[in-house]
file input.tsv (TSV, C-alpha atoms)
chain	number	residue	atom	x	y	z
A	24	MET	CA	-8.39	9.88	-32.70
A	25	SER	CA	-5.82	7.36	-33.93
A	26	LYS	CA	-6.32	3.68	-33.33
A	27	PRO	CA	-3.94	2.13	-30.73
A	28	LYS	CA	-1.13	0.01	-32.08
A	29	VAL	CA	-1.28	-3.70	-31.35
A	30	PHE	CA	1.33	-3.56	-28.56
A	31	GLU	CA	0.15	-0.36	-26.85
A	32	LYS	CA	-1.42	-0.33	-23.37
A	33	PRO	CA	-3.72	2.26	-21.78
A	34	LEU	CA	-2.04	5.10	-19.92
A	35	GLY	CA	-0.85	4.22	-16.42
A	36	VAL	CA	-0.87	0.41	-16.63
A	37	LYS	CA	2.06	-1.94	-17.06
A	38	ASP	CA	3.02	-5.54	-17.69
A	39	TYR	CA	4.97	-7.41	-15.02
A	40	LEU	CA	7.37	-10.01	-16.40
A	41	PRO	CA	8.00	-13.29	-14.53
A	42	GLU	CA	11.01	-12.02	-12.55
A	43	ALA	CA	9.11	-8.94	-11.33
A	44	VAL	CA	6.02	-11.02	-10.49
A	45	THR	CA	8.15	-13.37	-8.40
A	46	LYS	CA	9.48	-10.42	-6.40
A	47	LEU	CA	6.05	-8.79	-6.13
A	48	ARG	CA	4.45	-12.01	-4.85
A	49	ASN	CA	7.33	-12.51	-2.44
A	50	ILE	CA	6.68	-9.07	-0.95
A	51	GLU	CA	2.94	-9.77	-0.77
A	52	TYR	CA	3.31	-13.16	0.96
A	53	ARG	CA	5.80	-11.91	3.54
A	54	VAL	CA	3.68	-8.88	4.42
A	55	LEU	CA	0.42	-10.84	4.67
A	56	ALA	CA	2.16	-13.42	6.86
A	57	CYS	CA	3.35	-10.59	9.12
A	58	MET	CA	-0.18	-9.19	9.35
A	59	GLU	CA	-1.59	-12.62	10.14
A	60	ARG	CA	0.82	-12.96	13.05
A	61	TRP	CA	-0.64	-9.73	14.43
A	62	GLY	CA	-4.15	-11.21	14.30
A	63	TYR	CA	-5.42	-9.76	11.00
A	64	ASN	CA	-7.48	-12.06	8.76
A	65	GLN	CA	-7.43	-11.58	5.00
A	66	ILE	CA	-10.54	-10.48	3.11
A	67	LEU	CA	-11.30	-10.22	-0.63
A	68	THR	CA	-13.81	-7.76	-2.08
A	69	PRO	CA	-15.08	-7.33	-5.66
A	70	THR	CA	-13.21	-5.35	-8.29
A	71	LEU	CA	-16.50	-3.62	-9.18
A	72	GLU	CA	-18.60	-1.65	-6.69
A	73	TYR	CA	-21.63	0.62	-6.94
A	74	TYR	CA	-20.74	4.27	-7.39
A	75	ASP	CA	-23.61	5.46	-5.15
A	76	THR	CA	-22.27	3.48	-2.17
A	77	VAL	CA	-18.60	2.58	-2.17
A	78	GLY	CA	-17.67	5.09	-4.87
A	79	VAL	CA	-19.15	8.04	-3.02
A	80	ALA	CA	-17.77	6.86	0.34
A	81	SER	CA	-14.26	6.39	-1.03
A	82	SER	CA	-11.40	8.72	-0.16
A	83	THR	CA	-10.66	9.08	-3.89
A	84	GLU	CA	-11.63	12.24	-5.76
A	85	ASP	CA	-14.58	11.67	-8.05
A	86	LYS	CA	-12.60	12.66	-11.15
A	87	LYS	CA	-10.11	9.87	-10.42
A	88	LEU	CA	-12.71	7.09	-10.39
A	89	PHE	CA	-13.09	4.73	-13.32
A	90	LYS	CA	-16.83	4.58	-13.97
A	91	LEU	CA	-18.93	2.30	-16.18
A	92	LEU	CA	-22.56	1.31	-16.57
A	93	ASP	CA	-24.02	-2.14	-16.02
A	94	ARG	CA	-26.80	-3.52	-18.22
A	95	LYS	CA	-29.44	-1.92	-15.99
A	96	GLY	CA	-27.88	1.51	-16.38
A	97	GLN	CA	-26.50	1.69	-12.83
A	98	THR	CA	-23.13	3.35	-12.40
A	99	LEU	CA	-20.30	1.12	-11.22
A	100	VAL	CA	-16.72	1.95	-10.31
A	101	LEU	CA	-13.50	0.01	-10.35
A	102	ARG	CA	-12.37	-0.05	-6.72
A	103	SER	CA	-10.00	2.84	-6.11
A	104	GLU	CA	-8.98	1.72	-2.61
A	105	LEU	CA	-9.98	-1.04	-0.18
A	106	THR	CA	-11.09	0.81	2.94
A	107	ALA	CA	-14.59	1.72	1.75
A	108	PRO	CA	-15.33	-1.81	0.42
A	109	ILE	CA	-14.19	-3.31	3.73
A	110	ALA	CA	-16.38	-0.83	5.62
A	111	ARG	CA	-19.30	-2.06	3.50
A	112	VAL	CA	-18.53	-5.69	4.40
A	113	ALA	CA	-18.04	-4.88	8.10
A	114	SER	CA	-21.47	-3.24	8.13
A	115	SER	CA	-23.26	-6.05	6.30
A	116	LEU	CA	-21.78	-9.54	6.10
A	117	LEU	CA	-19.84	-9.05	9.35
A	118	LYS	CA	-22.48	-7.03	11.20
A	119	GLU	CA	-22.96	-9.79	13.79
A	120	ARG	CA	-19.23	-9.99	14.55
A	121	ALA	CA	-18.18	-8.21	17.71
A	122	PHE	CA	-15.71	-5.35	17.61
A	123	PRO	CA	-12.85	-4.94	17.22
A	124	LEU	CA	-12.45	-6.43	13.75
A	125	ARG	CA	-8.94	-6.97	12.41
A	126	LEU	CA	-8.94	-7.43	8.64
A	127	SER	CA	-6.13	-7.50	6.06
A	128	TYR	CA	-6.13	-7.42	2.26
A	129	HIS	CA	-4.05	-7.46	-0.89
A	130	SER	CA	-5.60	-6.35	-4.18
A	131	ASN	CA	-5.12	-4.21	-7.24
A	132	VAL	CA	-6.86	-0.83	-7.30
A	133	PHE	CA	-7.60	1.64	-10.09
A	134	ARG	CA	-7.40	5.43	-10.29
A	135	ALA	CA	-7.71	7.60	-13.38
A	136	ILE	CA	-4.71	9.89	-13.73
A	137	GLU	CA	-3.45	12.72	-15.85
A	138	GLU	CA	-0.24	12.26	-17.81
A	139	GLU	CA	2.11	12.50	-14.85
A	140	ALA	CA	5.43	10.70	-14.69
A	141	GLY	CA	5.59	7.91	-12.14
A	142	ARG	CA	1.85	7.66	-11.59
A	143	ASP	CA	-0.02	4.40	-12.14
A	144	SER	CA	-3.68	3.90	-13.00
A	145	GLU	CA	-3.52	0.34	-11.68
A	146	PHE	CA	-1.42	-0.53	-8.67
A	147	TYR	CA	-1.33	-2.92	-5.73
A	148	GLN	CA	-2.13	-2.32	-2.07
A	149	THR	CA	-1.54	-4.54	0.94
A	150	GLY	CA	-3.07	-3.26	4.15
A	151	VAL	CA	-5.14	-3.64	7.29
A	152	GLU	CA	-8.20	-2.14	8.92
A	153	LEU	CA	-8.76	-2.15	12.71
A	154	ILE	CA	-12.47	-1.46	13.18
A	155	GLY	CA	-14.27	-0.74	16.44
A	156	ASP	CA	-11.48	0.68	18.63
A	157	ALA	CA	-11.12	4.44	19.10
A	158	SER	CA	-8.14	4.32	21.46
A	159	SER	CA	-4.62	5.62	21.01
A	160	GLU	CA	-3.52	2.01	21.53
A	161	ALA	CA	-5.31	1.05	18.30
A	162	ASP	CA	-3.68	3.89	16.36
A	163	ALA	CA	-0.28	2.91	17.72
A	164	GLU	CA	-0.92	-0.73	16.80
A	165	VAL	CA	-1.46	0.04	13.12
A	166	VAL	CA	1.60	2.31	13.00
A	167	ALA	CA	3.74	-0.37	14.67
A	168	LEU	CA	2.33	-2.96	12.27
A	169	ALA	CA	3.14	-0.65	9.34
A	170	VAL	CA	6.75	-0.59	10.56
A	171	ALA	CA	6.79	-4.39	10.87
A	172	SER	CA	5.19	-4.77	7.42
A	173	LEU	CA	7.74	-2.50	5.74
A	174	GLN	CA	10.50	-4.51	7.36
A	175	ALA	CA	8.87	-7.77	6.25
A	176	ALA	CA	8.66	-6.35	2.72
A	177	GLY	CA	12.41	-5.78	2.72
A	178	VAL	CA	12.42	-1.98	2.92
A	179	GLY	CA	15.67	-1.25	4.69
A	180	THR	CA	15.59	2.49	5.47
A	181	PHE	CA	12.35	4.38	5.97
A	182	LYS	CA	10.61	6.94	8.15
A	183	ILE	CA	6.95	7.25	9.06
A	184	ALA	CA	5.65	10.80	9.41
A	185	LEU	CA	2.89	10.97	12.02
A	186	GLY	CA	0.35	13.78	12.22
A	187	HIS	CA	-3.19	14.57	13.34
A	188	VAL	CA	-5.81	16.45	11.36
A	189	GLY	CA	-7.28	17.90	14.57
A	190	PHE	CA	-4.21	20.00	15.27
A	191	LEU	CA	-4.44	22.01	12.05
A	192	ASN	CA	-8.24	22.15	12.26
A	193	GLY	CA	-8.03	23.66	15.72
A	194	LEU	CA	-5.19	26.01	14.86
A	195	PHE	CA	-6.91	27.32	11.72
A	196	GLN	CA	-10.23	27.77	13.53
A	197	GLU	CA	-8.42	29.78	16.19
A	198	THR	CA	-6.39	31.97	13.82
A	199	LEU	CA	-8.67	32.09	10.74
A	200	GLU	CA	-12.12	31.95	12.30
A	201	GLY	CA	-14.86	32.39	9.69
A	202	ARG	CA	-12.38	32.30	6.79
A	203	SER	CA	-13.16	28.83	5.44
A	204	ASP	CA	-11.72	29.55	1.99
A	205	ALA	CA	-8.39	30.55	3.50
A	206	GLN	CA	-8.35	27.46	5.71
A	207	LEU	CA	-9.08	25.23	2.71
A	208	SER	CA	-6.34	26.87	0.66
A	209	LEU	CA	-3.72	26.36	3.37
A	210	LYS	CA	-4.74	22.72	3.82
A	211	GLU	CA	-4.46	22.09	0.10
A	212	HIS	CA	-0.92	23.49	0.06
A	213	LEU	CA	0.08	21.26	2.99
A	214	LEU	CA	-1.58	18.22	1.42
A	215	ALA	CA	0.48	18.81	-1.73
A	216	ARG	CA	3.64	19.43	0.35
A	217	ASP	CA	3.81	22.84	-1.32
A	218	TYR	CA	5.48	24.75	1.52
A	219	VAL	CA	6.45	27.69	-0.68
A	220	GLY	CA	2.81	28.08	-1.74
A	221	TYR	CA	1.75	27.73	1.91
A	222	ARG	CA	3.99	30.63	2.96
A	223	GLU	CA	2.84	32.78	0.06
A	224	ALA	CA	-0.82	32.06	0.83
A	225	ILE	CA	-0.29	33.13	4.45
A	226	LYS	CA	1.38	36.39	3.38
A	227	SER	CA	-1.58	37.15	1.09
A	228	LEU	CA	-4.10	36.92	3.95
A	229	ALA	CA	-3.16	40.26	5.60
A	230	LEU	CA	-2.73	38.71	9.05
A	231	THR	CA	-1.06	40.26	12.06
A	232	PRO	CA	2.69	39.54	12.29
A	233	GLU	CA	2.08	37.37	15.36
A	234	VAL	CA	-0.51	35.13	13.63
A	235	GLU	CA	1.60	34.98	10.48
A	236	ARG	CA	4.62	33.77	12.49
A	237	GLU	CA	2.42	31.25	14.28
A	238	LEU	CA	1.09	29.73	11.05
A	239	ILE	CA	4.48	29.64	9.33
A	240	GLY	CA	6.00	28.16	12.49
A	241	VAL	CA	3.91	25.03	11.94
A	242	LEU	CA	6.40	24.02	9.25
A	243	ARG	CA	9.04	23.55	11.97
A	244	LEU	CA	6.91	21.19	14.05
A	245	ARG	CA	8.68	18.03	12.98
A	246	GLY	CA	10.73	15.71	15.18
A	247	GLY	CA	10.41	13.42	18.20
A	248	ASP	CA	8.37	13.65	21.37
A	249	GLU	CA	9.73	17.17	22.03
A	250	ILE	CA	7.28	18.33	19.34
A	251	CYS	CA	4.39	17.43	21.66
A	252	GLU	CA	5.34	20.11	24.15
A	253	GLN	CA	6.09	22.67	21.44
A	254	ALA	CA	2.73	22.08	19.78
A	255	ARG	CA	0.84	22.57	23.03
A	256	MET	CA	2.19	26.12	23.12
A	257	VAL	CA	1.15	26.91	19.53
A	258	SER	CA	-2.63	26.67	19.84
A	259	GLN	CA	-4.91	26.67	22.86
A	260	HIS	CA	-7.94	25.63	20.82
A	261	PRO	CA	-9.62	22.55	22.44
A	262	ILE	CA	-9.56	20.58	19.17
A	263	ALA	CA	-5.83	21.20	18.73
A	264	GLN	CA	-5.11	20.38	22.37
A	265	ASP	CA	-7.06	17.10	22.16
A	266	ALA	CA	-5.20	16.19	18.98
A	267	ILE	CA	-1.80	16.74	20.57
A	268	ARG	CA	-2.81	14.79	23.69
A	269	HIS	CA	-3.89	11.84	21.54
A	270	LEU	CA	-0.79	12.00	19.34
A	271	CYS	CA	1.51	12.05	22.37
A	272	GLU	CA	-0.29	9.00	23.76
A	273	VAL	CA	0.30	7.23	20.45
A	274	TRP	CA	3.98	8.18	20.62
A	275	ASP	CA	4.29	6.72	24.13
A	276	VAL	CA	2.81	3.42	22.94
A	277	LEU	CA	5.15	3.38	19.93
A	278	LYS	CA	8.09	3.76	22.31
A	279	ALA	CA	6.78	0.74	24.22
A	280	TYR	CA	6.66	-1.19	20.93
A	281	GLY	CA	10.28	-0.17	20.36
A	282	VAL	CA	9.62	1.39	16.94
A	283	SER	CA	9.76	5.13	17.68
A	284	GLU	CA	13.16	5.35	15.95
A	285	HIS	CA	11.28	4.82	12.66
A	286	VAL	CA	8.70	7.55	13.39
A	287	VAL	CA	8.75	11.34	13.34
A	288	ILE	CA	5.94	13.63	14.42
A	289	ASP	CA	5.07	15.96	11.56
A	290	LEU	CA	2.19	18.32	12.29
A	291	THR	CA	2.00	19.44	8.67
A	292	MET	CA	0.83	15.88	7.87
A	293	ILE	CA	-2.89	16.15	7.14
A	294	GLY	CA	-3.69	13.29	4.77
A	295	ASP	CA	-6.95	13.64	2.88
A	296	PHE	CA	-8.57	16.18	5.20
A	297	SER	CA	-12.08	15.34	3.99
A	298	TYR	CA	-11.63	11.67	4.90
A	299	TYR	CA	-9.40	11.26	7.93
A	300	THR	CA	-10.71	12.31	11.33
A	301	GLY	CA	-7.68	11.92	13.59
A	302	MET	CA	-4.19	10.52	13.41
A	303	THR	CA	-2.76	10.22	9.90
A	304	PHE	CA	0.61	9.00	8.67
A	305	GLU	CA	2.78	8.32	5.63
A	306	GLY	CA	5.88	6.16	5.25
A	307	TYR	CA	8.79	7.19	3.04
A	308	ALA	CA	11.65	4.99	1.89
A	309	ALA	CA	15.11	6.40	1.28
A	310	ASP	CA	15.71	7.57	-2.30
A	311	LEU	CA	12.05	7.36	-3.33
A	312	GLY	CA	9.95	10.50	-3.64
A	313	PHE	CA	6.57	8.80	-3.29
A	314	PRO	CA	5.21	7.41	-0.02
A	315	VAL	CA	5.37	3.61	0.28
A	316	CYS	CA	2.56	3.46	2.84
A	317	SER	CA	-0.17	5.70	4.22
A	318	GLY	CA	-2.98	5.45	6.71
A	319	GLY	CA	-4.84	6.97	9.59
A	320	ARG	CA	-8.08	7.19	11.50
A	321	TYR	CA	-11.43	7.50	9.71
A	322	ASP	CA	-14.20	7.40	12.33
A	323	ASN	CA	-17.01	8.66	10.08
A	324	LEU	CA	-16.85	6.13	7.24
A	325	LEU	CA	-18.79	3.17	8.66
A	326	SER	CA	-21.77	5.35	9.57
A	327	GLN	CA	-22.33	5.77	5.81
A	328	PHE	CA	-23.04	2.03	5.70
A	329	GLY	CA	-25.34	1.98	8.73
A	330	ARG	CA	-22.93	0.68	11.39
A	331	PRO	CA	-21.20	3.63	13.05
A	332	ALA	CA	-17.82	2.65	14.45
A	333	PRO	CA	-14.36	4.14	14.88
A	334	ALA	CA	-11.69	2.70	12.60
A	335	THR	CA	-8.03	3.03	11.72
A	336	GLY	CA	-5.71	1.35	9.25
A	337	PHE	CA	-3.07	1.68	6.55
A	338	ALA	CA	-2.06	0.42	3.11
A	339	LEU	CA	1.33	-0.39	1.65
A	340	LYS	CA	1.95	0.60	-1.97
A	341	THR	CA	3.30	-2.82	-2.94
A	342	ASN	CA	4.49	-1.98	-6.44
A	343	ARG	CA	6.33	1.10	-5.12
A	344	ILE	CA	8.09	-1.15	-2.63
A	345	LEU	CA	9.14	-3.25	-5.61
A	346	GLU	CA	10.91	-0.14	-6.94
A	347	VAL	CA	12.76	0.20	-3.63
A	348	ASN	CA	13.98	-3.37	-3.23
A	349	GLY	CA	13.64	-4.61	-6.82
A	350	GLY	CA	17.32	-5.53	-6.80
A	351	GLU	CA	16.90	-7.80	-3.79
A	352	ALA	CA	17.63	-11.42	-4.68
A	353	VAL	CA	14.73	-13.81	-4.20
A	354	ALA	CA	15.55	-17.39	-3.29
A	355	THR	CA	14.80	-19.57	-6.29
A	356	PRO	CA	13.87	-23.24	-6.02
A	357	LYS	CA	15.99	-26.01	-7.44
A	358	ARG	CA	15.23	-26.47	-11.13
A	359	VAL	CA	15.30	-29.96	-12.67
A	360	LEU	CA	15.03	-30.80	-16.35
A	361	ILE	CA	14.00	-34.30	-17.42
A	362	ALA	CA	14.67	-34.91	-21.09
A	363	TYR	CA	13.13	-38.00	-22.66
A	364	ASP	CA	12.39	-39.67	-25.95
A	365	ALA	CA	9.13	-41.38	-26.95
A	366	GLU	CA	10.35	-44.73	-25.67
A	367	HIS	CA	10.93	-43.37	-22.15
A	368	ARG	CA	7.91	-41.06	-21.98
A	369	GLU	CA	6.00	-42.87	-19.20
A	370	GLU	CA	9.11	-43.38	-17.09
A	371	ALA	CA	10.04	-39.70	-17.43
A	372	LEU	CA	6.61	-38.32	-16.61
A	373	GLN	CA	6.23	-40.58	-13.57
A	374	LEU	CA	9.67	-39.50	-12.35
A	375	ALA	CA	8.63	-35.86	-12.77
A	376	LYS	CA	5.46	-36.51	-10.76
A	377	ALA	CA	7.47	-38.06	-7.93
A	378	LYS	CA	9.96	-35.19	-7.84
A	379	ARG	CA	7.23	-32.53	-7.88
A	380	GLY	CA	5.73	-34.19	-4.83
A	381	SER	CA	8.98	-34.09	-2.87
A	382	GLU	CA	9.75	-31.21	-0.53
A	383	GLU	CA	13.26	-30.44	-1.72
A	384	THR	CA	12.34	-30.02	-5.38
A	385	ALA	CA	9.90	-27.32	-6.37
A	386	VAL	CA	10.34	-26.92	-10.14
A	387	VAL	CA	10.51	-29.86	-12.57
A	388	ILE	CA	10.33	-29.33	-16.31
A	389	THR	CA	9.93	-32.14	-18.85
A	390	GLN	CA	11.05	-31.98	-22.45
A	391	LEU	CA	10.56	-34.42	-25.30
A	392	VAL	CA	13.73	-34.82	-27.34
A	393	SER	CA	12.94	-35.75	-30.93
A	394	GLU	CA	16.58	-35.93	-32.03
A	395	PRO	CA	18.61	-37.61	-29.24
A	396	GLY	CA	21.80	-37.23	-31.24
A	397	ALA	CA	21.62	-33.44	-30.98
A	398	TRP	CA	20.88	-33.46	-27.25
A	399	SER	CA	24.47	-33.35	-26.02
A	400	SER	CA	25.20	-30.16	-27.96
A	401	ALA	CA	22.04	-28.50	-26.61
A	402	ARG	CA	23.15	-29.03	-23.01
A	403	LEU	CA	25.97	-26.82	-21.74
A	404	ALA	CA	27.71	-27.74	-18.49
A	405	LYS	CA	28.80	-24.66	-16.48
A	406	GLU	CA	31.66	-24.18	-14.05
A	407	ASP	CA	29.33	-23.79	-11.05
A	408	GLY	CA	27.96	-27.30	-11.55
A	409	THR	CA	24.72	-26.21	-13.20
A	410	TYR	CA	23.58	-26.80	-16.75
A	411	GLU	CA	22.24	-24.42	-19.35
A	412	VAL	CA	19.71	-25.62	-21.89
A	413	ARG	CA	18.36	-23.12	-24.40
A	414	GLY	CA	19.33	-20.21	-22.18
A	415	ILE	CA	17.75	-21.58	-18.97
A	416	ALA	CA	19.85	-22.76	-16.00
A	417	TYR	CA	19.10	-26.05	-14.22
A	418	GLN	CA	20.67	-27.50	-11.11
A	419	GLU	CA	20.02	-31.04	-12.34
A	420	VAL	CA	19.44	-32.55	-15.78
A	421	ILE	CA	18.19	-36.11	-16.20
A	422	ALA	CA	18.31	-37.62	-19.67
A	423	LEU	CA	16.15	-40.67	-20.36
A	424	LEU	CA	17.16	-41.31	-23.92
A	425	ALA	CA	17.83	-44.41	-25.99
A	426	GLN	CA	21.53	-45.13	-26.33
call {"tool": "encode", "arguments": {"input": "input.tsv", "output": "structure tokens"}}
result
Amino acid sequence: MSKPKVFEKPLGVKDYLPEAVTKLRNIEYRVLACMERWGYNQILTPTLEYYDTVGVASSTEDKKLFKLLDRKGQTLVLRSELTAPIARVASSLLKERAFPLRLSYHSNVFRAIEEEAGRDSEFYQTGVELIGDASSEADAEVVALAVASLQAAGVGTFKIALGHVGFLNGLFQETLEGRSDAQLSLKEHLLARDYVGYREAIKSLALTPEVERELIGVLRLRGGDEICEQARMVSQHPIAQDAIRHLCEVWDVLKAYGVSEHVVIDLTMIGDFSYYTGMTFEGYAADLGFPVCSGGRYDNLLSQFGRPAPATGFALKTNRILEVNGGEAVATPKRVLIAYDAEHREEALQLAKAKRGSEETAVVITQLVSEPGAWSSARLAKEDGTYEVRGIAYQEVIALLAQ
């Protein structure tokens, strides 16, 4: 195996230059401020967790976890998502806090990937968890907050696809009873959005024409609240009926929030079917193939940490949002340059201190000029009233130099 070159980085990671970091932080701050206004308090968890606890409980496939050993030989993982670590905290450090808990976060996460274009091994998530409330009101709250967070992040055009794992579970149990392998295969096709493969898998199962039409007809169950009534006619299985009832209640609450225009019901939406237990959703921005947010209900997770409780939440893919609105201009603070010679050093540095403490000036740079005679040629006055010094623009330049 060849040795990496000095400038190479591991697969799936990237450097963010100052301009991109400014935009990324701007997205982060606006979204966290939005979440705080909804009553969610920010939490920080470690980058490293034990594999046997958080790693196993995570929604991430085992092969996608970064694993390492500590000095005692115990297996650790780099956090691959934030929900399982927050469940651990809610069941331990916050075990005396009454439900519901409203927690928010922003952190980098790590997932091992194959060589796929557009996939990152390290990326950023900003999200919330609402723990201890099993109601449709709670599910609607996190969806409405996801809408508000995407708007706060500057995503102009987006849709959130809303589904429920119970609908497909009930439908498949009704039509494919005892055929667990077939059910799993169909779910995997839907999870991958492989609708051609889904149809082909159905045709290979030797089903009656009526059942085959029923299963393929699921692909048309996408739209507004009219889908609720259509779905009730598809499956009479109690699990499917309960799922549709709950999803329609969520839709009614979303209409009350005034955000239903951003949401579509999509009953092929299943999320990670081994992890989510109820409502699940994904948000898609225009002109971007990857989801910019995802979430749902996961009522079984906290029991793995000894404090059983229903929970729901979502995460924004912050760096993907940067791809969507990376061209958005970010307000930059006034930049001031104070140039000085050795004789005026103290005066210049005290002036810089005073300006940095004032509200209207955020960025003050000081520069020692060793050759005052060459200073005038280094400073270029521009037509817009700013100055350019060594390729950097300043709104104000103060020269404290000996005459």
call {"tool": "residues_around", "arguments": {"input": "input.tsv", "residues": "segment 273-288 of chain A", "least_positions_apart": "3", "cutoff": "8 Å", "atoms": "all atoms listed in the file", "output": "PyMOL selection string"}}
result
chain A and resi 159-160+162-164+166-167+170+181-186+244-248+250+269-270
call {"tool": "residues_around", "arguments": {"input": "input.tsv", "residues": "segment 79-89 of chain A", "least_positions_apart": "2", "cutoff": "10 Å", "atoms": "only C-alpha atoms", "output": "PyMOL selection string"}}
result
chain A and resi 71+73-77+91+99-108+110-111+133-137+144+295-299+321+323-325+327-328
call {"tool": "write_last_selection", "arguments": {"input": "input.tsv", "atoms": "C-alpha atoms", "output": "short mmCIF file (atom, residue, chain, number, x, y, z; two decimals), in the frame of the given file"}}
result
data_model
loop_
_atom_site.label_atom_id
_atom_site.label_comp_id
_atom_site.auth_asym_id
_atom_site.auth_seq_id
_atom_site.Cartn_x
_atom_site.Cartn_y
_atom_site.Cartn_z
CA LEU A 71 -16.50 -3.62 -9.18
CA TYR A 73 -21.63 0.62 -6.94
CA TYR A 74 -20.74 4.27 -7.39
CA ASP A 75 -23.61 5.46 -5.15
CA THR A 76 -22.27 3.48 -2.17
CA VAL A 77 -18.60 2.58 -2.17
CA LEU A 91 -18.93 2.30 -16.18
CA LEU A 99 -20.30 1.12 -11.22
CA VAL A 100 -16.72 1.95 -10.31
CA LEU A 101 -13.50 0.01 -10.35
CA ARG A 102 -12.37 -0.05 -6.72
CA SER A 103 -10.00 2.84 -6.11
CA GLU A 104 -8.98 1.72 -2.61
CA LEU A 105 -9.98 -1.04 -0.18
CA THR A 106 -11.09 0.81 2.94
CA ALA A 107 -14.59 1.72 1.75
CA PRO A 108 -15.33 -1.81 0.42
CA ALA A 110 -16.38 -0.83 5.62
CA ARG A 111 -19.30 -2.06 3.50
CA PHE A 133 -7.60 1.64 -10.09
CA ARG A 134 -7.40 5.43 -10.29
CA ALA A 135 -7.71 7.60 -13.38
CA ILE A 136 -4.71 9.89 -13.73
CA GLU A 137 -3.45 12.72 -15.85
CA SER A 144 -3.68 3.90 -13.00
CA ASP A 295 -6.95 13.64 2.88
CA PHE A 296 -8.57 16.18 5.20
CA SER A 297 -12.08 15.34 3.99
CA TYR A 298 -11.63 11.67 4.90
CA TYR A 299 -9.40 11.26 7.93
CA TYR A 321 -11.43 7.50 9.71
CA ASN A 323 -17.01 8.66 10.08
CA LEU A 324 -16.85 6.13 7.24
CA LEU A 325 -18.79 3.17 8.66
CA GLN A 327 -22.33 5.77 5.81
CA PHE A 328 -23.04 2.03 5.70
#
call {"tool": "residues_around", "arguments": {"input": "input.tsv", "residues": "Gly62 of chain A", "least_positions_apart": "6", "cutoff": "12 Å", "atoms": "only C-alpha atoms", "output": "list in words"}}
result
Leu55, Ala56, Pro123, Leu124, Arg125, Leu126, Ser127, Val151, Glu152, Leu153, Glu164, Val165 and Leu168 of chain A
call {"tool": "atom_distance", "arguments": {"input": "input.tsv", "atom1": "atom CA of Leu194 of chain A", "atom2": "atom CA of Leu290 of chain A"}}
result
11.0 Å
call {"tool": "atom_distance", "arguments": {"input": "input.tsv", "atom1": "atom CA of Val234 of chain A", "atom2": "atom CA of Met256 of chain A"}}
result
13.4 Å
call {"tool": "closest_residue", "arguments": {"input": "input.tsv", "among": "A:Pro261, A:Gly306, A:Pro41, A:Gly240", "to": "Val178 of chain A", "atoms": "all atoms listed in the file"}}
result
A:Gly306
call {"tool": "residues_around", "arguments": {"input": "input.tsv", "residues": "Glu411 of chain A", "least_positions_apart": "3", "cutoff": "12 Å", "atoms": "all atoms listed in the file", "output": "CSV table (one decimal) with C-alpha atoms, in the frame of the given file"}}
result
chain,number,residue,atom,x,y,z
A,358,ARG,CA,15.2,-26.5,-11.1
A,359,VAL,CA,15.3,-30.0,-12.7
A,360,LEU,CA,15.0,-30.8,-16.4
A,399,SER,CA,24.5,-33.4,-26.0
A,400,SER,CA,25.2,-30.2,-28.0
A,401,ALA,CA,22.0,-28.5,-26.6
A,402,ARG,CA,23.2,-29.0,-23.0
A,403,LEU,CA,26.0,-26.8,-21.7
A,404,ALA,CA,27.7,-27.7,-18.5
A,405,LYS,CA,28.8,-24.7,-16.5
A,406,GLU,CA,31.7,-24.2,-14.0
A,407,ASP,CA,29.3,-23.8,-11.0
A,408,GLY,CA,28.0,-27.3,-11.6
A,414,GLY,CA,19.3,-20.2,-22.2
A,415,ILE,CA,17.8,-21.6,-19.0
A,416,ALA,CA,19.8,-22.8,-16.0
A,417,TYR,CA,19.1,-26.0,-14.2
A,418,GLN,CA,20.7,-27.5,-11.1
A,419,GLU,CA,20.0,-31.0,-12.3
A,420,VAL,CA,19.4,-32.6,-15.8
call {"tool": "atom_distance", "arguments": {"input": "input.tsv", "atom1": "atom CA of Glu370 of chain A", "atom2": "atom CA of Ala385 of chain A"}}
result
19.3 Å
call {"tool": "axis_aligned_box", "arguments": {"input": "input.tsv", "around": "segment 172-178 of chain A", "padding_each_side": "3 Å", "output": "JSON"}}
result
{"center_x": 8.8, "center_y": -4.9, "center_z": 5.1, "size_x": 13.2, "size_y": 11.8, "size_z": 10.7}
call {"tool": "residues_around", "arguments": {"input": "input.tsv", "residues": "Gln390 of chain A", "least_positions_apart": "6", "cutoff": "8 Å", "atoms": "all atoms listed in the file", "output": "ChimeraX atom specification"}}
result
/A:360-363
call {"tool": "closest_residue", "arguments": {"input": "input.tsv", "among": "A:Leu372, A:Ala176, A:Leu209, A:Leu230", "to": "Lys46 of chain A", "atoms": "all atoms listed in the file"}}
result
A:Ala176
